[in-house]
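What follows is a short report on a single structure.
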Amino acid sequence: MKFIWFSLVMNLTNPLTGEQFTTSEKFENIIKQAELTEQLGFDGYGIGERHGAPFLSSSPPLLLSAIAARTSRIRLLTAVTVLSVLDPVRVAEDYATLDHLSGGRLEMIIGKGNDPRHYPLFGITEEEQWDSMEERYELLRRLWQEENVSWEGKYRPALHQVTTQPRPLQRPIPIWHGSASSTRSTELAARYGEPIFSSNSFHPQAKYKDLIDHYRERLAYYGHDPQKAVVGAGAGSLYIANTTEEAIRRYRPYYQAFQATAAAQHNQSPFTSLEDNIARGPSLIGSPDQIIEKILNYQAAFGHQVLSLSVDGLSEAEQREQMERFAADIAPVLRREVPSSVWEEQVKRVSV
């Protein structure tokens, strides 16, 4: 199994100390977290996209460019690029630039996002989100694959003989499709034979498994081999301790602080408590053995080769503690138990 760490750059007041990062301090904290990701031997680091408090992640390509300058090996991901509201020309230019600045380490995960605040900011309705994303993605693909593109659509002005610059360094830049709530995303991924990344963050396992199963079924329908499907999956919150009781006690203040935010309330969690989330949901709160068992249970259901993890919201010392414990106590077992060929060719190229 491969591992990425990611952040939505959530900047809450620490419920234990009452302290909060300044914006500049939070950005530096994220860059240090990405550096630690590389130092600990993990495979990639991702930045999500949000457009409102408590998140500071409105410009993933800028933050990933800063991370690219301070790292040399790890893959750099968007988690996700909210393509449903963005201009594909701007996306093509920004991320092709990042692809060059990172030495060809970019992986883009596209999606419609799960925060409804971005729709009025960018002039579309929530009802249009899937049609908008599909149209914008088809244009983005053409802009990266073709020159002298002429195009007409609903969600941006027509183009005539346009060649975006710079051209991508990777041919092609790898695209994943973020999957959280609808078969529209898995259908789009299957049509192009491209990988999916299940968010696996807010609901019981069965909901996400249904979407992944649909993806594999539709791959076969479009003539792709479902046995070669590439799937990534997220996880709920992570907190490792020597015992489950200790992990719950230490993590509970952070859980309560996040559950009080408007973003968490929008997700309408079906879980009644932290304990319920641990028992029926994706949260990884407990001892190393318990967390390994849970990840392997989800992997048996999903068949994913890449796992994304986050320590958003924790103090800087706890972020390091959790990443180091995962690297020492959990990752080696999962690497041994779940083979993954994802990124092997890219890593060989970067290391040459």
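If you're wondering about the labels, chains in the structure tokens are A, B, ... by order shown, residues count from 1 in each chain, ligands from 1 in order shown.
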
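When DSSP is run on the backbone, the residues of region 101-188 of chain A that fall into alpha helix (DSSP H) are Leu101, His118, Tyr119, Pro120, Leu121, Phe122, Gln129, Trp130, Asp131, Ser132, Met133, Glu134, Glu135, Arg136, Tyr137, Glu138, Leu139, Leu140, Arg141, Arg142, Leu143, Trp144, Gln145, Thr183, Arg184, Ser185, Thr186, Glu187 and Leu188 of chain A.
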
How would the residues just chosen look if you wrote them out with C-alpha atoms as a PDB file, in the first residue's frame?
```
ATOM      1  CA  LEU A 101       8.177  23.439 -11.067  1.00  0.00           C
ATOM      2  CA  HIS A 118     -18.109  27.899  -3.549  1.00  0.00           C
ATOM      3  CA  TYR A 119     -21.029  27.820  -5.999  1.00  0.00           C
ATOM      4  CA  PRO A 120     -22.263  31.426  -5.547  1.00  0.00           C
ATOM      5  CA  LEU A 121     -18.647  32.632  -5.475  1.00  0.00           C
ATOM      6  CA  PHE A 122     -18.053  31.321  -8.995  1.00  0.00           C
ATOM      7  CA  GLN A 129     -22.381  21.043 -10.443  1.00  0.00           C
ATOM      8  CA  TRP A 130     -22.163  17.682 -12.241  1.00  0.00           C
ATOM      9  CA  ASP A 131     -22.915  18.998 -15.725  1.00  0.00           C
ATOM     10  CA  SER A 132     -20.455  21.814 -15.126  1.00  0.00           C
ATOM     11  CA  MET A 133     -17.687  19.495 -13.989  1.00  0.00           C
ATOM     12  CA  GLU A 134     -18.148  17.125 -16.910  1.00  0.00           C
ATOM     13  CA  GLU A 135     -18.020  19.935 -19.480  1.00  0.00           C
ATOM     14  CA  ARG A 136     -15.016  21.593 -17.849  1.00  0.00           C
ATOM     15  CA  TYR A 137     -13.120  18.328 -17.584  1.00  0.00           C
ATOM     16  CA  GLU A 138     -13.623  17.493 -21.234  1.00  0.00           C
ATOM     17  CA  LEU A 139     -12.221  20.910 -22.135  1.00  0.00           C
ATOM     18  CA  LEU A 140      -9.277  20.544 -19.730  1.00  0.00           C
ATOM     19  CA  ARG A 141      -8.361  17.209 -21.302  1.00  0.00           C
ATOM     20  CA  ARG A 142      -8.358  18.783 -24.760  1.00  0.00           C
ATOM     21  CA  LEU A 143      -6.278  21.776 -23.639  1.00  0.00           C
ATOM     22  CA  TRP A 144      -3.590  19.474 -22.259  1.00  0.00           C
ATOM     23  CA  GLN A 145      -3.647  16.954 -25.083  1.00  0.00           C
ATOM     24  CA  THR A 183     -22.248   7.796  -9.538  1.00  0.00           C
ATOM     25  CA  ARG A 184     -21.737  10.787 -11.830  1.00  0.00           C
ATOM     26  CA  SER A 185     -18.082  10.913 -10.720  1.00  0.00           C
ATOM     27  CA  THR A 186     -17.497   7.167 -11.020  1.00  0.00           C
ATOM     28  CA  GLU A 187     -19.200   7.166 -14.433  1.00  0.00           C
ATOM     29  CA  LEU A 188     -16.920   9.926 -15.712  1.00  0.00           C
TER      30      LEU A 188
END
```

Cut-off 8 Å: closest region 220-274 of chain A/region 284-304 of chain A atom pairs per residue, using only C-alpha atoms, as a Markdown table:
```
| residue | atom | partner | partner_atom | distance |
| --- | --- | --- | --- | --- |
| A:Val230 | CA | A:His304 | CA | 7.0 |
| A:Val231 | CA | A:His304 | CA | 4.6 |
| A:Gly232 | CA | A:His304 | CA | 5.1 |
| A:Ala233 | CA | A:His304 | CA | 6.3 |
| A:Ala235 | CA | A:Leu284 | CA | 7.2 |
| A:Gly236 | CA | A:Leu284 | CA | 6.1 |
| A:Ser237 | CA | A:Leu284 | CA | 5.8 |
| A:Leu238 | CA | A:Leu284 | CA | 4.7 |
| A:Tyr239 | CA | A:Ile285 | CA | 4.8 |
| A:Ile240 | CA | A:Gly286 | CA | 5.3 |
| A:Ala241 | CA | A:Ser287 | CA | 5.2 |
| A:Asn242 | CA | A:Ser287 | CA | 5.2 |
| A:Thr243 | CA | A:Ser287 | CA | 4.9 |
| A:Thr244 | CA | A:Gly286 | CA | 4.0 |
| A:Glu245 | CA | A:Gly286 | CA | 7.3 |
| A:Glu246 | CA | A:Gly286 | CA | 7.7 |
| A:Ala247 | CA | A:Gly286 | CA | 5.2 |
| A:Ile248 | CA | A:Ile285 | CA | 6.6 |
| A:Tyr251 | CA | A:Ile285 | CA | 7.9 |
```

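Taking CA of Ile109 (chain A) as the reference point, CA of Ile330 (chain A) is found at 25.4 Å.
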
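Near Pro116 (chain A), within 12 Å and counting only C-alpha atoms, sit A:Arg50, A:His51, A:Gly52, A:Val82, A:Ser84, A:Val85, A:Leu121, A:Phe122, A:Gly123, A:Ile124, A:Thr125, A:Glu126, A:Glu127, A:Glu128, A:Gln129, A:Ala262, A:Ala263, A:His266, A:Asn267; same-chain residues fewer than 5 positions away were not included.
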
Open item on the list: With distances taken over only C-alpha atoms, which residue among A:Ser150, A:Thr13, A:Asn114, A:Thr23 lies nearest Ser182 (chain A)?
Closed with: A:Asn114

- [ ] May I ask for the distance between CA of Pro166 (chain A) and CA of Ala96 (chain A), given in Å to one decimal place?
- [x] 6.1 Å

Task: CA of Asn148 (chain A) to CA of Met108 (chain A), distance in Å rounded to a single decimal - done: 23.3 Å
